[in-house]
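Written below as structure tokens is the structure these notes are about.
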Amino acid sequence: MSEAGATQHRQLKISILRYNPQDPNSEPHMQTFPLEEADGMTLFIALNEIREKQDASLQFDFVCRAGICGSCGMLINGRPGLACRTLTMHLGEEITLAPLPVFELIGDLSVNTGKWMRAMSERLETWIHTNEAVDLRKMEERMEPQLAEEIYELDRCIECGCCVAACGTARMREDFVGAVGINKIARFKIDPRDKRTDEDFYELVGDDDGVFGCMSLLGCHDVCPKELPLQTQIAFVRRKMVRMGMK
Amino acid sequence: MNIIYTDVLVVGGGLAGLRAAIGARRRGFEAVILSLVPPKRSHSAAAQGGMQASLGNAIKGEGDNEDVHFEDTVRGSDWGADQQVVRMFVNTAPKAVRELAAWGVPWNRVQRGDREVVINGQRVTITEKDAAHGLITARDFGGTKKWRTCYTSDGTGHAMLFAMSDQAIANSIPVHERTEAIALIHDGGRCFGAIVRNLVSGELVAYLARATVIATGGFGRVYRVTTNAVINEGMGAAIALETGVAALGNMEAVQFHPTGIFPAGILVTEGCRGDGGLLLDGDRHRFMPDYEPEKKELASRDVVSRRMEQHIRAGKGAKGRFGEHVWLDITILGRAHVEKNLREVKDICNYFLGVDPAVDLVPVRPAQHYSMGGVRTNHTGQSQTLKGLFACGEAACWDMHGFNRLGGNSVAETVVAGMIVGEFVADFCASPESDITISTGLVREFWERENARIDALINSTGTEDANVIKMRMQDLMTSNVGIFRTGDALKAAVDELQELLIKSRNIGLRYKVKASNPELVTAYRVQKMLKLALCVAYGALQRTESRGAHFREDYPQRNDRDWLKRTLATWPGEMDTLPTLNYEDLDILNMELPPGWRGYGAKDYIDHPDTAARQAQIEEIKNSLATADRFAIQNALMRFEHLLPERFQGRNERLGEILS
């Protein structure tokens, strides 16, 4: 925040792709809102101010407004990102906002990532698979500290949908699991508590809707707000699945 | 009118609600979860620092057990907690961590051998035991005698929520996303479900259930400066209050977290101080030891927040463009530690402040953080006045936090309460008591009443702006019902909140449609939020003492003689502008730990006449059992295990306490 910002604020022009599928008279169109910038203004603050003072019908999603819940993914000047932690000072005076592609549109900037992610979780069975019963009174199973950290590294995904929105394959293949899905497979594959074998994982992602659909454009890796090592994980899972497929 | 039938209707898809639903499902009952947002976006994800459970694996946690966790929690609560519930909690917390470990949470683990840590501003080397290698480790947190807070870096809530949510998916539990319960359906002291609004289509649907579970979290958004997510508007507690039958407990007990980044109020974890971070004033002086020589930066949150504000009032704050604050210094921890164990903190500082906490100081000031109050229930999670209505997690007051919650005890509570309440919900569903005896005619009346209310708002020619009312409420709560409270300021707040409530009945909308209408949502929610705000402000005005997070400058002493009681707020008349308050005594003669000094904070308090008598009894019991083990002594002081569901009874194994 520069000191100059305290006295002289920029006049922003925020253009938003508007469309409300609930309203039969609504047509997709761009609408531009003028807004005086404030110190430390984020897109969370800006959009709320527009809704409170200019257009009460504007739809968007925020929850934590701290960059950790993944609700507010949208196209910010064409690039997928989290709106809540995007400071307007890092953008030009003219800002364009659009909903994430691929996901079902709820209205304006709000998309149904929840439905998509649940379907992905159901399909890839993104939970620990084991038949071992756990006696909760007994001490926990041990795990190497380093391994726990490696699992956490992949567990940090917030399912915001930015990787899917940035994915060439996801635009062409409706059922592609995306980097988010492949990363989940990598996460459970390295977790010794999950007893699934490579064969089991092959059943889940060993096809063109899974890891072989990836064209290695790696837009996912570039836009991931959590900076997950998606490139490495996709390569890892693909390598394992190729080996599995050649058996 | 569409009706959806289920056994268990869970309102809220955070950790508590998910775990309760899983518990009921595993007992063979159908459960449906309602959630404002996809459940993995719930505010549980924002819990950063960790979850308290007395595993005692880390060397600085050695000797920890349920007894120590119990004492810390009761002292933290300033003796406002229900001690039997605290016992149920501390006995189940290790089981909860272990269950989550089995479900895939990548808890950080003990690494054998030497490691360097920062304690009291000094770098020291500690040596972890060989025998503990690979077990779940813990970090230090405020108000605790041992390092007890289990964690995954500083994304603990996230890792827990994802594992839990995926378990719900594994158990095929449907989550109806983007739906909101706007009224409970009840008759004759029995709750039968809720009228639910689809936030996208605007459609109202009646959900009928044997048991209804409120798990909607806190109501921090009645304040302007809060760490809470924007969805934390307390709607679950509000619809319970609006029945006129269910009561809310201790609503004036509101926690302010010491380290909200200034001015945005976004949380940075207590783990910053737990791991050795310091608080510095405008002169870069470490001021906490001057006030709190025993626990310093790691006194309980209510105490640290008050000391920070006190220091700023004394003119010692740092002055910035947005006002005064103090500094959080975690540079002493080193870059490697910050980037590994405090990475969310690093991201937050980077994105919202443009600072790098590995080298820069972080501006912080206390911000509203947690609602100790909520739907009053017994130890099973069931409302004492509205059968079939359950509550768990932050939305509930069962009451394990009393007037101040310890850091790390809230995510722990969400899961523990979900486990315990889920079992009692299943017991209830298995009994004939849970039969759904309400007529569809009466259900229709509830549906039509809510539908008419929405129509009235949309068609209203009123002149009041919902957003303006909401912002004024938030300002009032932050300025008059905050960390330091006085009778005059509270009275002014109560008066104006009542005016706002009356004004809120005359809201007019600019955007007059039923579907996908954020302004409509603000309008009906602010009417409910004002009632919660009034419960907080009016309860605070009436409570002429200071206890935990409730601090009255005009009554600075804790007063056990007159105020060792729980506030119960109800809202019997729809057009009332104030809650009706009643009080429930806490019985010292049944306490395992009678009131005393907390070990930090103020030392002067007004004793209750029973305290000395109970203390003497306890001495006598302890003397008579001098050779008995800790379990026998505990059992003689205050029985609790029979209160737990059978599934969660039993001791917890530790390195020093191996179970056969």
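We name chains A, B, ... following the order of the structure tokens; residues begin at 1 in each chain, and ligands are numbered from 1 as shown.
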Shell of 9 Å around Val213 in chain B, only C-alpha atoms, local chain residues under 4 positions omitted, as a PDB file with all heavy atoms, in the first residue's frame:
ATOM      1  N   VAL B   8     -32.856 -38.182  10.551  1.00  0.00           N
ATOM      2  CA  VAL B   8     -32.074 -37.138  11.207  1.00  0.00           C
ATOM      3  C   VAL B   8     -31.821 -35.992  10.234  1.00  0.00           C
ATOM      4  O   VAL B   8     -31.244 -36.201   9.164  1.00  0.00           O
ATOM      5  CB  VAL B   8     -30.713 -37.695  11.702  1.00  0.00           C
ATOM      6  CG1 VAL B   8     -29.952 -36.620  12.469  1.00  0.00           C
ATOM      7  CG2 VAL B   8     -30.914 -38.933  12.571  1.00  0.00           C
ATOM      8  N   LEU B   9     -32.261 -34.823  10.615  1.00  0.00           N
ATOM      9  CA  LEU B   9     -31.991 -33.635   9.807  1.00  0.00           C
ATOM     10  C   LEU B   9     -30.867 -32.868  10.492  1.00  0.00           C
ATOM     11  O   LEU B   9     -31.026 -32.395  11.616  1.00  0.00           O
ATOM     12  CB  LEU B   9     -33.241 -32.754   9.718  1.00  0.00           C
ATOM     13  CG  LEU B   9     -33.060 -31.450   8.942  1.00  0.00           C
ATOM     14  CD1 LEU B   9     -32.773 -31.717   7.468  1.00  0.00           C
ATOM     15  CD2 LEU B   9     -34.289 -30.554   9.095  1.00  0.00           C
ATOM     16  N   VAL B  10     -29.729 -32.779   9.821  1.00  0.00           N
ATOM     17  CA  VAL B  10     -28.596 -32.062  10.391  1.00  0.00           C
ATOM     18  C   VAL B  10     -28.486 -30.716   9.688  1.00  0.00           C
ATOM     19  O   VAL B  10     -28.365 -30.662   8.463  1.00  0.00           O
ATOM     20  CB  VAL B  10     -27.286 -32.862  10.229  1.00  0.00           C
ATOM     21  CG1 VAL B  10     -26.107 -32.066  10.773  1.00  0.00           C
ATOM     22  CG2 VAL B  10     -27.394 -34.205  10.939  1.00  0.00           C
ATOM     23  N   VAL B  11     -28.544 -29.661  10.459  1.00  0.00           N
ATOM     24  CA  VAL B  11     -28.462 -28.319   9.883  1.00  0.00           C
ATOM     25  C   VAL B  11     -27.035 -27.827  10.067  1.00  0.00           C
ATOM     26  O   VAL B  11     -26.618 -27.481  11.174  1.00  0.00           O
ATOM     27  CB  VAL B  11     -29.458 -27.360  10.570  1.00  0.00           C
ATOM     28  CG1 VAL B  11     -29.479 -26.023   9.829  1.00  0.00           C
ATOM     29  CG2 VAL B  11     -30.848 -27.968  10.630  1.00  0.00           C
ATOM     30  N   GLY B  12     -26.267 -27.844   8.984  1.00  0.00           N
ATOM     31  CA  GLY B  12     -24.874 -27.412   9.066  1.00  0.00           C
ATOM     32  C   GLY B  12     -23.935 -28.524   8.656  1.00  0.00           C
ATOM     33  O   GLY B  12     -23.999 -29.627   9.193  1.00  0.00           O
ATOM     34  N   GLY B  17     -21.544 -31.171  12.464  1.00  0.00           N
ATOM     35  CA  GLY B  17     -22.712 -31.717  11.786  1.00  0.00           C
ATOM     36  C   GLY B  17     -22.380 -32.977  11.014  1.00  0.00           C
ATOM     37  O   GLY B  17     -23.125 -33.966  11.043  1.00  0.00           O
ATOM     38  N   ALA B  20     -21.849 -35.885  13.460  1.00  0.00           N
ATOM     39  CA  ALA B  20     -23.115 -36.344  14.051  1.00  0.00           C
ATOM     40  C   ALA B  20     -23.895 -37.172  13.022  1.00  0.00           C
ATOM     41  O   ALA B  20     -24.460 -38.226  13.351  1.00  0.00           O
ATOM     42  CB  ALA B  20     -23.946 -35.154  14.520  1.00  0.00           C
ATOM     43  N   ALA B  21     -23.895 -36.718  11.779  1.00  0.00           N
ATOM     44  CA  ALA B  21     -24.618 -37.446  10.726  1.00  0.00           C
ATOM     45  C   ALA B  21     -23.990 -38.818  10.490  1.00  0.00           C
ATOM     46  O   ALA B  21     -24.701 -39.815  10.338  1.00  0.00           O
ATOM     47  CB  ALA B  21     -24.607 -36.629   9.435  1.00  0.00           C
ATOM     48  N   GLY B 193     -38.440 -30.981  12.683  1.00  0.00           N
ATOM     49  CA  GLY B 193     -37.743 -30.672  11.441  1.00  0.00           C
ATOM     50  C   GLY B 193     -37.742 -29.182  11.178  1.00  0.00           C
ATOM     51  O   GLY B 193     -37.819 -28.380  12.121  1.00  0.00           O
ATOM     52  N   GLY B 381     -26.702 -33.404  24.269  1.00  0.00           N
ATOM     53  CA  GLY B 381     -26.858 -32.516  23.123  1.00  0.00           C
ATOM     54  C   GLY B 381     -28.302 -32.166  22.835  1.00  0.00           C
ATOM     55  O   GLY B 381     -28.591 -31.454  21.868  1.00  0.00           O
ATOM     56  N   GLN B 382     -29.227 -32.669  23.676  1.00  0.00           N
ATOM     57  CA  GLN B 382     -30.641 -32.401  23.413  1.00  0.00           C
ATOM     58  C   GLN B 382     -31.112 -31.176  24.199  1.00  0.00           C
ATOM     59  O   GLN B 382     -30.739 -30.983  25.357  1.00  0.00           O
ATOM     60  CB  GLN B 382     -31.503 -33.614  23.779  1.00  0.00           C
ATOM     61  CG  GLN B 382     -32.966 -33.437  23.369  1.00  0.00           C
ATOM     62  CD  GLN B 382     -33.773 -34.734  23.371  1.00  0.00           C
ATOM     63  OE1 GLN B 382     -34.745 -34.865  22.658  1.00  0.00           O
ATOM     64  NE2 GLN B 382     -33.356 -35.688  24.161  1.00  0.00           N
ATOM     65  N   GLY B 388     -36.291 -33.568  20.795  1.00  0.00           N
ATOM     66  CA  GLY B 388     -36.055 -33.843  19.388  1.00  0.00           C
ATOM     67  C   GLY B 388     -35.167 -32.807  18.731  1.00  0.00           C
ATOM     68  O   GLY B 388     -34.728 -32.979  17.601  1.00  0.00           O
ATOM     69  N   LEU B 389     -34.887 -31.720  19.462  1.00  0.00           N
ATOM     70  CA  LEU B 389     -33.941 -30.728  18.951  1.00  0.00           C
ATOM     71  C   LEU B 389     -32.603 -30.954  19.640  1.00  0.00           C
ATOM     72  O   LEU B 389     -32.510 -30.936  20.864  1.00  0.00           O
ATOM     73  CB  LEU B 389     -34.424 -29.298  19.230  1.00  0.00           C
ATOM     74  CG  LEU B 389     -33.450 -28.226  18.714  1.00  0.00           C
ATOM     75  CD1 LEU B 389     -33.431 -28.191  17.193  1.00  0.00           C
ATOM     76  CD2 LEU B 389     -33.779 -26.851  19.271  1.00  0.00           C
ATOM     77  N   PHE B 390     -31.589 -31.189  18.819  1.00  0.00           N
ATOM     78  CA  PHE B 390     -30.236 -31.384  19.326  1.00  0.00           C
ATOM     79  C   PHE B 390     -29.344 -30.267  18.782  1.00  0.00           C
ATOM     80  O   PHE B 390     -29.683 -29.609  17.802  1.00  0.00           O
ATOM     81  CB  PHE B 390     -29.683 -32.740  18.882  1.00  0.00           C
ATOM     82  CG  PHE B 390     -30.361 -33.921  19.517  1.00  0.00           C
ATOM     83  CD1 PHE B 390     -31.617 -34.340  19.079  1.00  0.00           C
ATOM     84  CD2 PHE B 390     -29.762 -34.616  20.558  1.00  0.00           C
ATOM     85  CE1 PHE B 390     -32.248 -35.434  19.662  1.00  0.00           C
ATOM     86  CE2 PHE B 390     -30.386 -35.708  21.146  1.00  0.00           C
ATOM     87  CZ  PHE B 390     -31.627 -36.121  20.697  1.00  0.00           C
ATOM     88  N   ALA B 391     -28.211 -30.071  19.432  1.00  0.00           N
ATOM     89  CA  ALA B 391     -27.238 -29.110  18.912  1.00  0.00           C
ATOM     90  C   ALA B 391     -25.849 -29.590  19.287  1.00  0.00           C
ATOM     91  O   ALA B 391     -25.664 -30.242  20.329  1.00  0.00           O
ATOM     92  CB  ALA B 391     -27.488 -27.717  19.479  1.00  0.00           C
ATOM     93  N   CYS B 392     -24.873 -29.298  18.439  1.00  0.00           N
ATOM     94  CA  CYS B 392     -23.496 -29.659  18.776  1.00  0.00           C
ATOM     95  C   CYS B 392     -22.520 -28.708  18.093  1.00  0.00           C
ATOM     96  O   CYS B 392     -22.844 -28.059  17.109  1.00  0.00           O
ATOM     97  CB  CYS B 392     -23.191 -31.108  18.409  1.00  0.00           C
ATOM     98  SG  CYS B 392     -23.476 -31.538  16.694  1.00  0.00           S
ATOM     99  N   VAL B 421     -22.955 -36.702  20.461  1.00  0.00           N
ATOM    100  CA  VAL B 421     -24.346 -36.334  20.174  1.00  0.00           C
ATOM    101  C   VAL B 421     -24.919 -37.248  19.076  1.00  0.00           C
ATOM    102  O   VAL B 421     -26.089 -37.631  19.127  1.00  0.00           O
ATOM    103  CB  VAL B 421     -24.445 -34.835  19.809  1.00  0.00           C
ATOM    104  CG1 VAL B 421     -25.854 -34.476  19.368  1.00  0.00           C
ATOM    105  CG2 VAL B 421     -24.019 -33.976  21.004  1.00  0.00           C
ATOM    106  N   VAL B 425     -28.393 -39.057  19.433  1.00  0.00           N
ATOM    107  CA  VAL B 425     -29.425 -38.851  18.411  1.00  0.00           C
ATOM    108  C   VAL B 425     -29.930 -40.206  17.922  1.00  0.00           C
ATOM    109  O   VAL B 425     -31.133 -40.426  17.769  1.00  0.00           O
ATOM    110  CB  VAL B 425     -28.861 -38.004  17.245  1.00  0.00           C
ATOM    111  CG1 VAL B 425     -29.742 -38.131  16.002  1.00  0.00           C
ATOM    112  CG2 VAL B 425     -28.720 -36.546  17.661  1.00  0.00           C
TER     113      VAL B 425
END
Can you work out which residues from chain A touch chain B at a cut-off of 7 Å (counting only C-alpha atoms) and hand them back as an NGL selection string? :A and (22 or 52 or 56-57 or 63-66 or 68-71 or 85 or 114 or 122 or 126-128 or 136-140 or 142-145 or 148-149 or 151-152 or 155)
Output file for the residues above (N, CA and C atoms, as a tab-separated table (two decimals), in the first residue's frame):
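As a result, result03.tsv now contains:
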chain	number	residue	atom	x	y	z
A	22	GLN	N	-31.81	-18.43	-13.63
A	22	GLN	CA	-33.12	-18.54	-12.97
A	22	GLN	C	-34.15	-17.59	-13.60
A	52	GLU	N	-23.82	-3.80	-2.41
A	52	GLU	CA	-24.53	-2.99	-1.42
A	52	GLU	C	-24.99	-1.66	-1.99
A	56	ALA	N	-28.11	-4.79	-6.18
A	56	ALA	CA	-28.41	-5.78	-5.13
A	56	ALA	C	-28.56	-7.19	-5.69
A	57	SER	N	-28.65	-7.33	-7.00
A	57	SER	CA	-28.91	-8.66	-7.57
A	57	SER	C	-27.63	-9.43	-7.91
A	63	VAL	N	-16.81	-17.18	1.38
A	63	VAL	CA	-17.07	-17.75	2.71
A	63	VAL	C	-16.01	-17.24	3.68
A	64	CYS	N	-14.78	-17.77	3.57
A	64	CYS	CA	-13.79	-17.42	4.61
A	64	CYS	C	-13.19	-16.05	4.38
A	65	ARG	N	-13.20	-15.56	3.16
A	65	ARG	CA	-12.56	-14.33	2.69
A	65	ARG	C	-11.07	-14.23	3.14
A	66	ALA	N	-10.45	-15.41	3.36
A	66	ALA	CA	-9.05	-15.44	3.79
A	66	ALA	C	-8.20	-16.37	2.94
A	68	ILE	N	-8.67	-19.59	2.18
A	68	ILE	CA	-8.49	-20.97	2.62
A	68	ILE	C	-9.67	-21.90	2.31
A	69	CYS	N	-10.84	-21.35	1.93
A	69	CYS	CA	-12.00	-22.24	1.75
A	69	CYS	C	-12.27	-22.58	0.30
A	70	GLY	N	-11.73	-21.79	-0.64
A	70	GLY	CA	-11.87	-22.13	-2.05
A	70	GLY	C	-13.21	-21.79	-2.68
A	71	SER	N	-14.00	-20.93	-2.06
A	71	SER	CA	-15.34	-20.61	-2.59
A	71	SER	C	-15.32	-19.65	-3.76
A	85	ARG	N	-8.51	-12.96	-2.03
A	85	ARG	CA	-7.16	-12.54	-1.65
A	85	ARG	C	-6.46	-11.78	-2.79
A	114	GLY	N	-19.35	-27.22	-5.85
A	114	GLY	CA	-19.68	-28.24	-4.84
A	114	GLY	C	-20.19	-29.52	-5.48
A	122	GLU	N	-17.00	-39.01	-5.23
A	122	GLU	CA	-17.72	-40.28	-5.27
A	122	GLU	C	-17.07	-41.21	-6.28
A	126	THR	N	-12.54	-40.84	-2.71
A	126	THR	CA	-11.43	-40.10	-2.10
A	126	THR	C	-11.45	-40.22	-0.58
A	127	TRP	N	-11.38	-41.45	-0.12
A	127	TRP	CA	-11.25	-41.68	1.32
A	127	TRP	C	-10.39	-42.91	1.53
A	128	ILE	N	-9.92	-43.06	2.76
A	128	ILE	CA	-9.08	-44.19	3.12
A	128	ILE	C	-9.88	-45.50	2.99
A	136	LEU	N	-10.32	-47.30	19.28
A	136	LEU	CA	-10.01	-45.89	19.55
A	136	LEU	C	-9.33	-45.68	20.91
A	137	ARG	N	-9.37	-46.69	21.75
A	137	ARG	CA	-8.73	-46.51	23.05
A	137	ARG	C	-7.23	-46.76	22.97
A	138	LYS	N	-6.82	-47.44	21.91
A	138	LYS	CA	-5.41	-47.81	21.76
A	138	LYS	C	-4.61	-46.72	21.06
A	139	MET	N	-3.29	-46.79	21.25
A	139	MET	CA	-2.44	-45.80	20.60
A	139	MET	C	-2.56	-45.90	19.09
A	140	GLU	N	-2.38	-44.75	18.46
A	140	GLU	CA	-2.51	-44.69	17.01
A	140	GLU	C	-1.37	-45.43	16.31
A	142	ARG	N	1.78	-45.78	14.03
A	142	ARG	CA	2.87	-44.83	13.80
A	142	ARG	C	2.99	-44.49	12.32
A	143	MET	N	3.58	-43.34	12.06
A	143	MET	CA	3.85	-42.94	10.68
A	143	MET	C	5.13	-42.11	10.70
A	144	GLU	N	5.95	-42.30	9.69
A	144	GLU	CA	7.17	-41.50	9.61
A	144	GLU	C	6.80	-40.02	9.48
A	145	PRO	N	7.42	-39.16	10.27
A	145	PRO	CA	7.08	-37.73	10.23
A	145	PRO	C	7.17	-37.14	8.82
A	148	ALA	N	4.12	-38.10	6.76
A	148	ALA	CA	2.94	-37.33	7.14
A	148	ALA	C	2.98	-35.96	6.47
A	149	GLU	N	4.16	-35.36	6.43
A	149	GLU	CA	4.28	-34.05	5.79
A	149	GLU	C	4.07	-34.13	4.28
A	151	ILE	N	2.16	-36.29	2.74
A	151	ILE	CA	0.71	-36.45	2.52
A	151	ILE	C	0.01	-35.11	2.69
A	152	TYR	N	0.38	-34.39	3.73
A	152	TYR	CA	-0.25	-33.09	3.96
A	152	TYR	C	-0.03	-32.15	2.77
A	155	ASP	N	-2.59	-32.93	0.53
A	155	ASP	CA	-3.89	-32.80	1.18
A	155	ASP	C	-4.34	-31.34	1.25
If you run DSSP on the backbone, which residues of range 26-125 of chain A are strand (DSSP E), as a PyMOL selection string? chain A and resi 29-36+73-76+79-82+94-98+105-107+110-111
Can you check which parts of range 47-163 of chain A lie within 12 Å of range 211-222 of chain A? Per residue, the shortest pair of atoms and distance in Å to one decimal, counting only C-alpha atoms, sorted by chain and number, as JSON lines.
{"residue": "A:Arg79", "atom": "CA", "partner": "A:Gly219", "partner_atom": "CA", "distance": 9.9}
{"residue": "A:Pro80", "atom": "CA", "partner": "A:Cys220", "partner_atom": "CA", "distance": 9.4}
{"residue": "A:Gly81", "atom": "CA", "partner": "A:Asp222", "partner_atom": "CA", "distance": 10.4}
{"residue": "A:Cys160", "atom": "CA", "partner": "A:Cys220", "partner_atom": "CA", "distance": 11.5}
{"residue": "A:Gly161", "atom": "CA", "partner": "A:Cys220", "partner_atom": "CA", "distance": 9.4}
{"residue": "A:Cys162", "atom": "CA", "partner": "A:Cys220", "partner_atom": "CA", "distance": 7.1}
{"residue": "A:Cys163", "atom": "CA", "partner": "A:Cys220", "partner_atom": "CA", "distance": 4.0}
With DSSP run on the backbone, what are the helix (DSSP H, G or I) residues within range 61-241 of chain A? I'd like them as JSON, numbers by chain. {"A": [88, 89, 90, 113, 114, 115, 116, 117, 118, 119, 120, 121, 122, 123, 124, 145, 146, 147, 148, 149, 150, 151, 152, 153, 154, 155, 162, 163, 164, 165, 168, 169, 170, 171, 172, 178, 179, 180, 181, 182, 183, 184, 185, 186, 187, 188, 189, 198, 199, 200, 201, 202, 203, 204, 205, 211, 212, 213, 219, 220, 221, 222, 223, 230, 231, 232, 233, 234, 235, 236, 237, 238, 239, 240, 241]}
Find the residues near Phe236 in chain A: any atom within 12 Å, counting only C-alpha atoms, skip ones fewer than 3 places away on the same chain, and give them as a VMD selection string. chain A and resid 182 to 183 185 to 187 189 to 190 211 229 to 233 239 to 243
Could you take the residues named above and write them with N, CA, C and O atoms, as an mmCIF file, in the first residue's frame?
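Written file, selection27.cif:
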data_model
loop_
_atom_site.group_PDB
_atom_site.id
_atom_site.type_symbol
_atom_site.label_atom_id
_atom_site.label_comp_id
_atom_site.auth_asym_id
_atom_site.auth_seq_id
_atom_site.Cartn_x
_atom_site.Cartn_y
_atom_site.Cartn_z
ATOM 1 N N ILE A 182 -6.645 -36.124 -10.031
ATOM 2 C CA ILE A 182 -5.384 -36.882 -10.138
ATOM 3 C C ILE A 182 -4.532 -36.657 -8.881
ATOM 4 O O ILE A 182 -3.919 -37.583 -8.349
ATOM 5 N N ASN A 183 -4.543 -35.429 -8.386
ATOM 6 C CA ASN A 183 -3.804 -35.141 -7.149
ATOM 7 C C ASN A 183 -4.346 -35.955 -5.977
ATOM 8 O O ASN A 183 -3.595 -36.416 -5.126
ATOM 9 N N ILE A 185 -5.717 -38.909 -6.170
ATOM 10 C CA ILE A 185 -5.224 -40.279 -6.333
ATOM 11 C C ILE A 185 -3.777 -40.371 -5.836
ATOM 12 O O ILE A 185 -3.402 -41.300 -5.111
ATOM 13 N N ALA A 186 -2.958 -39.369 -6.200
ATOM 14 C CA ALA A 186 -1.565 -39.369 -5.745
ATOM 15 C C ALA A 186 -1.501 -39.330 -4.223
ATOM 16 O O ALA A 186 -0.709 -40.024 -3.595
ATOM 17 N N ARG A 187 -2.403 -38.526 -3.621
ATOM 18 C CA ARG A 187 -2.419 -38.378 -2.170
ATOM 19 C C ARG A 187 -2.754 -39.705 -1.468
ATOM 20 O O ARG A 187 -2.113 -40.083 -0.489
ATOM 21 N N LYS A 189 -2.532 -42.674 -2.848
ATOM 22 C CA LYS A 189 -1.579 -43.697 -3.237
ATOM 23 C C LYS A 189 -0.362 -43.718 -2.305
ATOM 24 O O LYS A 189 0.161 -44.777 -1.986
ATOM 25 N N ILE A 190 0.093 -42.545 -1.855
ATOM 26 C CA ILE A 190 1.272 -42.548 -0.976
ATOM 27 C C ILE A 190 0.901 -42.764 0.496
ATOM 28 O O ILE A 190 1.771 -42.832 1.352
ATOM 29 N N VAL A 211 -5.984 -40.061 -15.953
ATOM 30 C CA VAL A 211 -4.669 -39.457 -16.132
ATOM 31 C C VAL A 211 -4.223 -39.443 -17.602
ATOM 32 O O VAL A 211 -3.438 -38.594 -18.003
ATOM 33 N N PRO A 229 2.129 -29.176 -6.163
ATOM 34 C CA PRO A 229 3.044 -29.657 -7.217
ATOM 35 C C PRO A 229 2.301 -30.530 -8.222
ATOM 36 O O PRO A 229 2.582 -31.718 -8.350
ATOM 37 N N LEU A 230 1.357 -29.931 -8.937
ATOM 38 C CA LEU A 230 0.467 -30.730 -9.784
ATOM 39 C C LEU A 230 1.206 -31.383 -10.940
ATOM 40 O O LEU A 230 0.924 -32.520 -11.309
ATOM 41 N N GLN A 231 2.157 -30.676 -11.508
ATOM 42 C CA GLN A 231 2.915 -31.233 -12.631
ATOM 43 C C GLN A 231 3.577 -32.551 -12.215
ATOM 44 O O GLN A 231 3.460 -33.570 -12.892
ATOM 45 N N THR A 232 4.247 -32.527 -11.083
ATOM 46 C CA THR A 232 4.927 -33.726 -10.590
ATOM 47 C C THR A 232 3.934 -34.832 -10.282
ATOM 48 O O THR A 232 4.193 -36.007 -10.555
ATOM 49 N N GLN A 233 2.798 -34.471 -9.697
ATOM 50 C CA GLN A 233 1.842 -35.501 -9.294
ATOM 51 C C GLN A 233 1.188 -36.158 -10.496
ATOM 52 O O GLN A 233 0.964 -37.367 -10.499
ATOM 53 N N ARG A 239 2.960 -42.268 -14.711
ATOM 54 C CA ARG A 239 4.023 -43.266 -14.763
ATOM 55 C C ARG A 239 3.546 -44.577 -14.132
ATOM 56 O O ARG A 239 3.692 -45.655 -14.702
ATOM 57 N N LYS A 240 2.936 -44.456 -12.958
ATOM 58 C CA LYS A 240 2.455 -45.658 -12.266
ATOM 59 C C LYS A 240 1.373 -46.357 -13.083
ATOM 60 O O LYS A 240 1.312 -47.587 -13.140
ATOM 61 N N MET A 241 0.515 -45.575 -13.702
ATOM 62 C CA MET A 241 -0.617 -46.161 -14.420
ATOM 63 C C MET A 241 -0.172 -46.796 -15.743
ATOM 64 O O MET A 241 -0.723 -47.807 -16.169
ATOM 65 N N VAL A 242 0.849 -46.182 -16.368
ATOM 66 C CA VAL A 242 1.394 -46.779 -17.591
ATOM 67 C C VAL A 242 1.974 -48.151 -17.264
ATOM 68 O O VAL A 242 1.690 -49.157 -17.921
ATOM 69 N N ARG A 243 2.751 -48.193 -16.191
ATOM 70 C CA ARG A 243 3.359 -49.452 -15.769
ATOM 71 C C ARG A 243 2.273 -50.497 -15.495
ATOM 72 O O ARG A 243 2.377 -51.643 -15.872
#
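Here CA of Met120 in chain A and CA of Met246 in chain A stand 26.0 Å from one another.
Excluding Pro28 in chain A and any residue on its chain fewer than 5 positions from it, the residues at most 8 Å away by only C-alpha atoms are Leu17, Arg18, Tyr19 and Asn20 of chain A.
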Excluding same-chain residues fewer than 5 positions from Arg197 in chain B, what lies within 6 Å of it counting only C-alpha atoms, as a VMD selection string? chain B and resid 179 to 180 203 to 204
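The interatomic distance for the pair CA of Phe219 in chain B and CA of Met235 in chain B works out to 7.7 Å.
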Spatial neighbours of Arg639 in chain B, max dist 12 Å, only C-alpha atoms, sep filter under 5 positions, as an MDAnalysis selection string: chainID B and resid 83:88 590:592 631:634 644
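If only C-alpha atoms are the atoms counted, then among A:Leu100, A:Cys157, A:Met41, A:Met30 the closest residue to Arg171 in chain A is A:Leu100.
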